>>> print(open('work.txt').read())   # compact mmCIF, C-alpha atoms
# COMPACT_ATOMS: atom_id res chain seq x y z
CA MET F 1 7.73 -5.17 -0.54
CA ARG F 2 6.41 -1.72 0.41
CA THR F 3 8.60 -0.02 -2.22
CA ALA F 4 7.63 -2.48 -4.95
CA ILE F 5 3.90 -2.20 -4.25
CA ARG F 6 3.98 1.60 -3.94
CA THR F 7 5.88 1.84 -7.25
CA ALA F 8 3.46 -0.50 -9.00
CA MET F 9 0.35 1.22 -7.66
CA ALA F 10 1.70 4.60 -8.79
CA SER F 11 1.99 3.30 -12.37
CA ASP F 12 -1.06 4.05 -14.52
CA TRP F 13 -0.15 1.13 -16.78
CA PHE F 14 0.00 -1.35 -13.89
CA VAL F 15 -3.26 -0.09 -12.40
CA ARG F 16 -5.08 -0.37 -15.75
CA PHE F 17 -3.62 -3.81 -16.44
CA ALA F 18 -4.12 -5.27 -12.96
CA GLY F 19 -7.63 -3.88 -12.57
CA ARG F 20 -8.89 -4.77 -16.02
CA GLY F 21 -11.02 -7.61 -14.62
CA ARG F 22 -12.93 -5.22 -12.32
CA SER F 23 -14.07 -2.66 -14.90
CA THR F 24 -17.62 -3.71 -15.77
CA GLY F 25 -21.00 -3.64 -14.04
CA ALA F 26 -21.07 -2.16 -10.57
CA ASP F 27 -17.26 -2.34 -10.44
CA GLN F 28 -17.05 0.51 -12.94
CA VAL F 29 -17.44 2.82 -9.94
CA LEU F 30 -14.73 1.02 -7.96
CA ASP F 31 -11.53 3.03 -7.52
CA ARG F 32 -9.04 1.83 -10.14
CA GLN F 33 -6.21 1.45 -7.64
CA VAL F 34 -8.50 -0.52 -5.32
CA ALA F 35 -9.50 -2.72 -8.29
CA ALA F 36 -5.83 -3.38 -9.00
CA ALA F 37 -5.17 -4.22 -5.35
CA LEU F 38 -8.12 -6.67 -5.30
CA GLU F 39 -6.91 -8.39 -8.45
CA TYR F 40 -3.39 -8.59 -7.06
CA ALA F 41 -4.75 -10.23 -3.90
CA ARG F 42 -6.81 -12.66 -5.98
CA LEU F 43 -3.85 -13.67 -8.13
CA ARG F 44 -1.69 -14.26 -5.06
CA ARG F 45 -4.35 -16.75 -3.90
CA LEU F 46 -3.97 -15.77 -0.29
CA PRO F 47 -5.75 -18.19 2.03
CA PRO F 48 -9.01 -16.84 3.53
CA LEU F 49 -8.71 -15.72 7.13
CA GLU F 50 -11.77 -17.74 8.07
CA THR F 51 -9.89 -20.96 7.28
CA MET F 52 -7.25 -20.22 9.93
CA GLU F 53 -7.03 -20.57 13.67
CA PRO F 54 -7.32 -17.13 15.33
CA ASP F 55 -3.62 -16.90 16.26
CA ASP F 56 -2.62 -17.70 12.69
CA ALA F 57 -5.18 -15.26 11.31
CA ARG F 58 -3.78 -12.47 13.50
CA ALA F 59 -0.20 -13.08 12.34
CA PHE F 60 -1.26 -13.42 8.71
CA ALA F 61 -3.27 -10.19 8.70
CA GLU F 62 -0.47 -8.13 10.20
CA ALA F 63 2.13 -9.61 7.83
CA ASN F 64 0.08 -8.96 4.69
CA LEU F 65 -1.44 -5.53 5.34
CA GLY F 66 1.75 -3.61 6.11
CA PRO F 67 2.98 -2.88 2.54
CA THR F 68 -0.12 -0.84 1.64
CA GLU F 69 -0.39 1.18 4.86
CA PHE F 70 0.91 4.66 5.58
CA PRO F 71 4.68 4.85 6.00
CA PRO F 72 5.36 5.22 9.75
CA VAL F 73 5.50 8.87 10.80
CA PRO F 74 8.05 9.83 13.49
CA MET F 75 6.50 10.93 16.78
CA ALA F 76 7.80 13.26 19.47
CA GLU F 77 7.12 10.50 22.00
CA VAL F 78 5.62 7.01 22.06
CA ILE F 79 4.70 5.61 25.47
CA ASP F 80 3.79 1.97 26.06
CA THR F 81 1.81 1.67 29.25
CA GLU F 82 -1.13 -0.09 30.93
CA VAL F 83 -4.27 1.62 32.14
CA GLY F 84 -7.15 0.84 34.47
CA HIS F 85 -7.46 -1.72 37.23
CA ASP F 86 -7.14 -4.52 34.67
CA ARG F 87 -3.90 -3.10 33.25
CA ILE F 88 -5.11 -2.77 29.68
CA PRO F 89 -2.21 -2.40 27.20
CA THR F 90 -2.18 1.08 25.69
CA ARG F 91 0.26 2.93 23.44
CA ILE F 92 0.21 6.72 23.61
CA TYR F 93 1.41 8.68 20.57
CA VAL F 94 2.48 12.29 21.03
CA PRO F 95 3.06 13.94 17.63
CA HIS F 96 5.52 16.72 16.97
CA GLY F 97 3.69 19.99 17.55
CA ALA F 98 0.99 18.25 19.60
CA GLY F 99 -1.93 20.34 20.78
CA LYS F 100 -3.83 19.68 24.00
CA ASN F 101 -6.58 17.47 22.53
CA TRP F 102 -6.70 13.67 22.75
CA LEU F 103 -8.19 10.82 20.75
CA VAL F 104 -8.78 7.38 22.29
CA TRP F 105 -8.53 4.86 19.44
CA PHE F 106 -9.73 1.26 19.04
CA HIS F 107 -8.35 -0.85 16.18
CA GLY F 108 -10.51 -3.03 13.94
CA GLY F 109 -10.45 -6.77 13.41
CA GLY F 110 -13.87 -8.18 14.16
CA GLY F 111 -13.10 -8.61 17.84
CA VAL F 112 -10.74 -11.47 16.91
CA ILE F 113 -7.71 -10.05 15.09
CA GLY F 114 -5.90 -6.71 15.12
CA SER F 115 -3.55 -5.15 17.66
CA ILE F 116 -1.83 -1.98 18.77
CA ALA F 117 1.16 -2.94 16.60
CA GLY F 118 -1.03 -3.60 13.57
CA ALA F 119 -2.73 -0.21 13.93
CA ASP F 120 0.57 1.61 14.47
CA PRO F 121 1.04 3.16 10.98
CA THR F 122 -2.54 4.45 10.85
CA VAL F 123 -2.46 5.87 14.38
CA ARG F 124 0.84 7.62 13.74
CA TYR F 125 -0.63 9.23 10.63
CA LEU F 126 -3.80 10.32 12.41
CA ALA F 127 -1.77 11.80 15.26
CA ASP F 128 0.48 13.71 12.88
CA LYS F 129 -2.40 15.11 10.81
CA THR F 130 -4.65 16.07 13.73
CA LYS F 131 -1.93 16.97 16.26
CA CYS F 132 -3.95 15.04 18.82
CA THR F 133 -2.25 12.83 21.35
CA ILE F 134 -3.69 9.41 20.51
CA ALA F 135 -4.04 6.54 22.97
CA SER F 136 -4.33 3.24 21.07
CA VAL F 137 -6.00 0.60 23.25
CA GLY F 138 -5.18 -3.13 23.13
CA TYR F 139 -8.49 -4.62 24.26
CA ARG F 140 -9.04 -8.36 24.76
CA LEU F 141 -10.02 -10.52 21.78
CA GLY F 142 -12.15 -13.58 21.17
CA PRO F 143 -12.27 -16.49 21.30
CA GLU F 144 -9.94 -16.39 24.31
CA ASP F 145 -12.00 -13.59 25.87
CA LYS F 146 -15.59 -13.55 24.70
CA HIS F 147 -18.13 -10.73 24.57
CA PRO F 148 -18.38 -8.40 26.43
CA ALA F 149 -14.69 -8.46 27.43
CA ALA F 150 -13.70 -6.07 24.61
CA ILE F 151 -16.45 -3.62 25.59
CA ASP F 152 -15.45 -3.81 29.26
CA ASP F 153 -11.83 -3.03 28.33
CA ALA F 154 -12.86 -0.17 26.06
CA THR F 155 -14.99 1.56 28.70
CA GLU F 156 -12.44 0.99 31.45
CA ALA F 157 -9.62 2.32 29.26
CA TRP F 158 -11.70 5.38 28.38
CA GLU F 159 -12.28 6.20 32.04
CA ALA F 160 -8.59 5.81 32.86
CA LEU F 161 -7.37 7.81 29.88
CA VAL F 162 -9.71 10.79 30.27
CA ALA F 163 -8.42 11.07 33.83
CA ARG F 164 -4.88 11.19 32.44
CA ALA F 165 -5.54 13.79 29.71
CA PRO F 166 -5.12 17.52 30.45
CA ALA F 167 -8.10 19.02 32.27
CA ASP F 168 -8.71 21.54 29.47
CA ALA F 169 -8.36 19.02 26.62
CA LYS F 170 -11.14 18.01 24.31
CA ILE F 171 -11.22 14.23 24.01
CA ALA F 172 -12.53 12.21 21.09
CA VAL F 173 -13.15 8.49 20.85
CA GLY F 174 -12.77 6.61 17.59
CA GLY F 175 -12.00 3.44 15.74
CA ASP F 176 -12.41 1.49 12.54
CA SER F 177 -14.77 -1.44 11.89
CA PHE F 178 -15.01 -3.33 15.21
CA GLY F 179 -13.25 -0.30 16.69
CA GLY F 180 -16.28 1.72 15.56
CA PHE F 181 -18.48 -0.79 17.40
CA LEU F 182 -16.45 -0.16 20.56
CA THR F 183 -16.62 3.60 19.95
CA ALA F 184 -20.42 3.43 20.00
CA HIS F 185 -20.35 1.40 23.22
CA VAL F 186 -17.98 3.86 24.92
CA ASP F 187 -20.20 6.78 23.96
CA HIS F 188 -23.27 4.90 25.22
CA HIS F 189 -21.50 4.02 28.49
CA THR F 190 -20.60 7.65 29.15
CA ARG F 191 -24.25 8.70 29.09
CA GLN F 192 -24.40 7.39 32.65
CA PRO F 193 -24.26 10.05 35.38
CA GLY F 194 -20.78 11.11 36.41
CA GLN F 195 -19.03 9.94 33.25
CA ARG F 196 -16.82 12.17 31.09
CA ARG F 197 -18.55 12.43 27.71
CA PRO F 198 -16.59 12.34 24.44
CA ASP F 199 -16.43 15.67 22.67
CA LEU F 200 -16.51 13.78 19.37
CA GLN F 201 -16.84 10.19 18.13
CA VAL F 202 -15.11 9.11 14.92
CA MET F 203 -16.29 5.90 13.27
CA PHE F 204 -14.69 4.44 10.15
CA TYR F 205 -16.98 1.86 8.45
CA PRO F 206 -18.42 0.76 11.81
CA LEU F 207 -20.05 -2.52 12.73
CA VAL F 208 -23.26 -1.75 14.65
CA ASP F 209 -25.38 -4.87 14.14
CA LEU F 210 -24.15 -8.28 15.30
CA THR F 211 -27.08 -10.02 13.62
CA LEU F 212 -25.28 -9.50 10.27
CA THR F 213 -28.54 -8.97 8.41
CA SER F 214 -27.80 -5.76 6.48
CA PRO F 215 -28.57 -6.19 2.75
CA SER F 216 -25.10 -4.98 1.75
CA ILE F 217 -23.55 -8.00 3.48
CA ASP F 218 -24.98 -10.11 0.67
CA ARG F 219 -24.46 -7.43 -2.00
CA TYR F 220 -20.73 -7.02 -1.29
CA GLY F 221 -20.08 -10.17 0.70
CA ASP F 222 -17.59 -11.65 -1.75
CA GLY F 223 -14.71 -10.14 -3.68
CA TYR F 224 -14.04 -6.93 -1.72
CA LEU F 225 -11.54 -8.17 0.93
CA LEU F 226 -14.01 -8.30 3.83
CA THR F 227 -16.35 -11.19 3.04
CA LYS F 228 -19.59 -12.48 4.50
CA ALA F 229 -17.83 -15.71 5.49
CA MET F 230 -15.14 -13.74 7.31
CA MET F 231 -17.73 -11.70 9.19
CA HIS F 232 -19.46 -14.84 10.42
CA TYR F 233 -16.08 -16.26 11.43
CA PHE F 234 -15.38 -13.15 13.50
CA ARG F 235 -18.82 -13.16 15.11
CA ASP F 236 -18.64 -16.86 15.93
CA HIS F 237 -15.32 -16.37 17.71
CA TYR F 238 -16.33 -13.13 19.42
CA LEU F 239 -19.73 -14.21 20.77
CA SER F 240 -20.66 -17.20 22.85
CA PRO F 241 -23.40 -19.40 21.36
CA ASP F 242 -25.97 -18.21 23.90
CA ASP F 243 -25.19 -14.47 23.62
CA ASP F 244 -28.07 -12.25 22.51
CA GLN F 245 -26.90 -10.70 19.23
CA GLU F 246 -29.41 -7.87 19.38
CA ALA F 247 -28.64 -6.99 23.00
CA GLY F 248 -24.96 -6.50 22.11
CA SER F 249 -25.69 -4.39 19.02
CA PRO F 250 -25.83 -0.57 19.09
CA TRP F 251 -28.42 -0.72 16.31
CA TYR F 252 -31.02 -2.13 18.70
CA TRP F 253 -30.64 0.54 21.36
CA THR F 254 -34.01 2.19 21.84
CA ASP F 255 -32.66 5.72 22.23
CA VAL F 256 -29.56 7.38 20.77
CA LYS F 257 -30.53 10.95 21.69
CA GLY F 258 -27.71 12.72 23.46
CA SER F 259 -24.95 10.78 21.71
CA ALA F 260 -21.71 12.66 21.15
CA PRO F 261 -21.27 14.57 17.88
CA ALA F 262 -20.10 12.11 15.28
CA ILE F 263 -18.06 11.67 12.14
CA VAL F 264 -19.30 8.52 10.40
CA VAL F 265 -17.25 7.25 7.47
CA THR F 266 -18.51 4.53 5.15
CA ALA F 267 -17.30 2.93 1.89
CA GLY F 268 -19.47 2.15 -1.11
CA PHE F 269 -18.20 -1.41 -1.68
CA ASP F 270 -18.28 -2.44 1.96
CA PRO F 271 -20.52 -5.23 3.30
CA LEU F 272 -21.16 -2.88 6.25
CA VAL F 273 -22.10 0.17 4.17
CA ASP F 274 -25.86 -0.14 4.70
CA GLU F 275 -25.69 -0.30 8.47
CA GLY F 276 -23.05 2.44 8.63
CA ASN F 277 -25.18 4.75 6.49
CA ALA F 278 -28.29 3.88 8.50
CA TRP F 279 -26.47 4.53 11.77
CA ALA F 280 -25.39 7.99 10.60
CA ASN F 281 -28.97 8.75 9.57
CA ARG F 282 -30.36 7.48 12.86
CA LEU F 283 -28.00 9.68 14.87
CA ALA F 284 -28.93 12.70 12.75
CA GLU F 285 -32.66 12.00 13.14
CA ALA F 286 -32.12 11.94 16.92
CA GLY F 287 -30.67 15.45 16.77
CA VAL F 288 -27.01 14.42 17.04
CA PRO F 289 -24.62 16.61 14.99
CA VAL F 290 -23.24 14.23 12.33
CA ARG F 291 -20.73 14.56 9.52
CA HIS F 292 -21.31 11.56 7.27
CA HIS F 293 -19.03 10.66 4.36
CA CYS F 294 -19.73 7.69 2.11
CA TYR F 295 -16.71 7.21 -0.14
CA GLU F 296 -18.45 5.34 -2.95
CA PRO F 297 -15.36 3.99 -4.82
CA LEU F 298 -13.68 2.52 -1.72
CA ILE F 299 -13.88 -0.73 0.25
CA HIS F 300 -13.94 -1.80 3.88
CA GLY F 301 -10.54 -1.37 5.52
CA PHE F 302 -9.36 1.42 3.25
CA LEU F 303 -7.32 2.87 6.12
CA SER F 304 -4.90 -0.02 5.53
CA LEU F 305 -4.71 0.85 1.80
CA ALA F 306 -4.19 4.58 2.24
CA GLY F 307 -0.43 4.34 1.83
CA VAL F 308 -0.86 3.43 -1.86
CA VAL F 309 -4.46 4.30 -2.87
CA LYS F 310 -4.70 8.02 -3.57
CA SER F 311 -8.44 8.35 -2.98
CA ALA F 312 -8.18 6.50 0.34
CA HIS F 313 -5.36 8.83 1.37
CA ALA F 314 -7.46 11.85 0.43
CA ALA F 315 -10.43 10.49 2.38
CA VAL F 316 -8.34 10.09 5.52
CA ASP F 317 -6.98 13.61 5.13
CA GLU F 318 -10.53 14.98 4.81
CA VAL F 319 -11.60 13.23 8.01
CA CYS F 320 -8.51 14.42 9.86
CA ALA F 321 -9.28 18.02 8.85
CA GLU F 322 -12.80 17.61 10.26
CA ILE F 323 -11.46 16.19 13.53
CA VAL F 324 -9.29 19.29 13.87
CA GLU F 325 -12.22 21.57 13.02
CA LEU F 326 -14.71 19.93 15.38
CA LEU F 327 -12.27 19.79 18.31
CA ALA F 328 -11.16 23.40 17.79
>>> encode(input="work.txt", output="C-alpha cells")
Amino acid sequence: MRTAIRTAMASDWFVRFAGRGRSTGADQVLDRQVAAALEYARLRRLPPLETMEPDDARAFAEANLGPTEFPPVPMAEVIDTEVGHDRIPTRIYVPHGAGKNWLVWFHGGGGVIGSIAGADPTVRYLADKTKCTIASVGYRLGPEDKHPAAIDDATEAWEALVARAPADAKIAVGGDSFGGFLTAHVDHHTRQPGQRRPDLQVMFYPLVDLTLTSPSIDRYGDGYLLTKAMMHYFRDHYLSPDDDQEAGSPWYWTDVKGSAPAIVVTAGFDPLVDEGNAWANRLAEAGVPVRHHCYEPLIHGFLSLAGVVKSAHAAVDEVCAEIVELLA
C-alpha cells in the first residue's frame, strides 16, 4: 500500500487527475498533492471516525494513516519503558549520531485516539533530523480516562523525563494537535517554583480552545480530513459533561508571560488555524520569543502526510532545522 500510494502521489498525471475536483475557489491555494489525497479519501468512502466507538476509531486511524507517513528511520536505540509514579508508557528514541538534547513528545488524536505506535514514524523522523533523543509519551485517553487525566500524565512524565536526561542537556517539549494542547499545559505547569522549564516548546497545529468557537472551525470544518463533527466527537469523549471548557483551555489563561520560547506551526486549511495563529500572536505580544509558520496550502495532520506530500515534508524539515538552531 505504501509503495502504491507513494508511486501514485509522485506522478504529476495522477495528482492532476485525482485533485481536479479541488481546483476552484479557495481550494486553488490547496497543495495539489493534498488535494489528490483528499479526493482519494473521498472516493474510498471511508467511514467517519465520529461514527465509531473509540476503540474502533483508534484501530481505524492507525491502519489508514500509515501509508502516507514517513518511512520508518532506523534508530541507534529504542527503549520502551514506564516513567513516573503512575508508570506512564514511554518510548525513548536515540538516533544515530545523537547529541545531548532531548525532546518530550505528545502525539495528537483529540485526547481520544492516537498512540506511541501510531506516532512512531513521525517521531523517528524528528529524532533523525534533529539528533535529539525523543521521549514519546503514551498518556491516558478518553472516554476511559476523562480530563484532566491526559494533562496529569503529561506533566508527570515531563518531571520524570527531565530528571532522566543529561544534566547539561537542553530539553524541549512538543506535540501535534492535542499534543500541542498538552505541550501548552506542560509549559504552564513548569512555571511553578522548583520546576524544570522547557528550553523550547514546539506546537504543530495546536488545539488551545476547548470551546471550539474559532471561526475557522466553520470555515474548514468539512472536507479537509479533520471535521467539525470529529472535533465535537473528540471533545465529548475527552471532557465530562460538567467540565468547564474555558478552565481547561490555554486560550483563557490570564497571563502567558514567561512561557518558554515557542515554534508554532499552523496550516491554512485547518479548522484550528485561527486559534493556532492567535496563540502564536498572543505569545509574541507577551514578549515570548516565537517562530510562527503558517503553511497556507496544507491541512491539519500534515505530519501524517509528509511521507508522500512534498510540501509537508519540506515544512517538517524547516521546523526540524529551527529546533536544532534554537537548542544549539
>>> residues_near_point(input="work.txt", point="(-12.4, 18.4, 26.8)", cutoff="8 Å", atoms="all atoms listed in the file", output="ChimeraX atom specification")
/F:101,167-171,198-199
>>> closest_residue(input="work.txt", among="F:Pro74, F:Gly221, F:Gly307, F:Gly287", to="F:Gly97", atoms="all atoms listed in the file")
F:Pro74
>>> closest_residue(input="work.txt", among="F:Gly174, F:Pro67, F:Pro48, F:Gly180", to="F:Leu272", atoms="all atoms listed in the file")
F:Gly180
>>> residues_around(input="work.txt", residues="stretch 230-235 of chain F", least_positions_apart="3", cutoff="8 Å", atoms="only C-alpha atoms", output="compact mmCIF listing (two decimals) with C-alpha atoms, in the coordinates of the input")
# COMPACT_ATOMS: atom_id res chain seq x y z
CA PRO F 48 -9.01 -16.84 3.53
CA LEU F 49 -8.71 -15.72 7.13
CA GLU F 50 -11.77 -17.74 8.07
CA GLY F 110 -13.87 -8.18 14.16
CA GLY F 111 -13.10 -8.61 17.84
CA VAL F 112 -10.74 -11.47 16.91
CA LEU F 210 -24.15 -8.28 15.30
CA LEU F 212 -25.28 -9.50 10.27
CA LEU F 226 -14.01 -8.30 3.83
CA THR F 227 -16.35 -11.19 3.04
CA TYR F 238 -16.33 -13.13 19.42
CA LEU F 239 -19.73 -14.21 20.77
>>> closest_residue(input="work.txt", among="F:Thr183, F:Ser216, F:Thr266, F:Ser240", to="F:Ala312", atoms="only C-alpha atoms")
F:Thr266
>>> residues_near_point(input="work.txt", point="(-14.0, 5.2, 28.6)", cutoff="8 Å", atoms="all atoms listed in the file", output="list of chain:residue names")
F:Ala154, F:Thr155, F:Glu156, F:Ala157, F:Trp158, F:Glu159, F:Ala160, F:Leu161, F:Val162, F:Val186, F:Asp187, F:His189, F:Thr190, F:Arg196
>>> atom_distance(input="work.txt", atom1="atom CA of F:Ala119", atom2="atom CA of F:Ala172")
17.4 Å
>>> closest_residue(input="work.txt", among="F:Lys100, F:Lys131, F:Arg6, F:Arg32", to="F:Pro297", atoms="only C-alpha atoms")
F:Arg32
>>> closest_residue(input="work.txt", among="F:Leu303, F:Leu46, F:Gly21, F:Ala35", to="F:Asp317", atoms="all atoms listed in the file")
F:Leu303
>>> atom_distance(input="work.txt", atom1="atom CA of F:Asp274", atom2="atom CA of F:Pro215")
6.9 Å
>>> closest_residue(input="work.txt", among="F:Gly194, F:Ala8, F:Lys129, F:Asp152", to="F:Val309", atoms="all atoms listed in the file")
F:Ala8
>>> atom_distance(input="work.txt", atom1="atom CA of F:Ala150", atom2="atom CA of F:Gly114")
12.3 Å
>>> residues_around(input="work.txt", residues="F:His300", least_positions_apart="2", cutoff="12 Å", atoms="only C-alpha atoms", output="NGL selection string")
:F and (34 or 38 or 108-109 or 176-178 or 204-207 or 216-217 or 220-227 or 231 or 265-273 or 276 or 294-298 or 302-306 or 312)
>>> residues_around(input="work.txt", residues="F:Arg87", least_positions_apart="3", cutoff="10 Å", atoms="all atoms listed in the file", output="list in words")
Thr81, Glu82, Val83, Gly84, Thr90, Asp153, Glu156 and Ala157 of chain F
>>> axis_aligned_box(input="work.txt", around="stretch 258-275 of chain F", padding_each_side="6 Å", output="AutoDock Vina command-line options")
--center_x -22.5 --center_y 4.7 --center_z 10.9 --size_x 22.5 --size_y 31.8 --size_z 37.1
>>> residues_around(input="work.txt", residues="F:His292", least_positions_apart="4", cutoff="9 Å", atoms="only C-alpha atoms", output="CSV table (one decimal) with C-alpha atoms, in the frame of the given file")
chain,number,residue,atom,x,y,z
F,262,ALA,CA,-20.1,12.1,15.3
F,263,ILE,CA,-18.1,11.7,12.1
F,264,VAL,CA,-19.3,8.5,10.4
F,265,VAL,CA,-17.2,7.2,7.5
F,266,THR,CA,-18.5,4.5,5.2
F,277,ASN,CA,-25.2,4.8,6.5
F,280,ALA,CA,-25.4,8.0,10.6
F,281,ASN,CA,-29.0,8.8,9.6
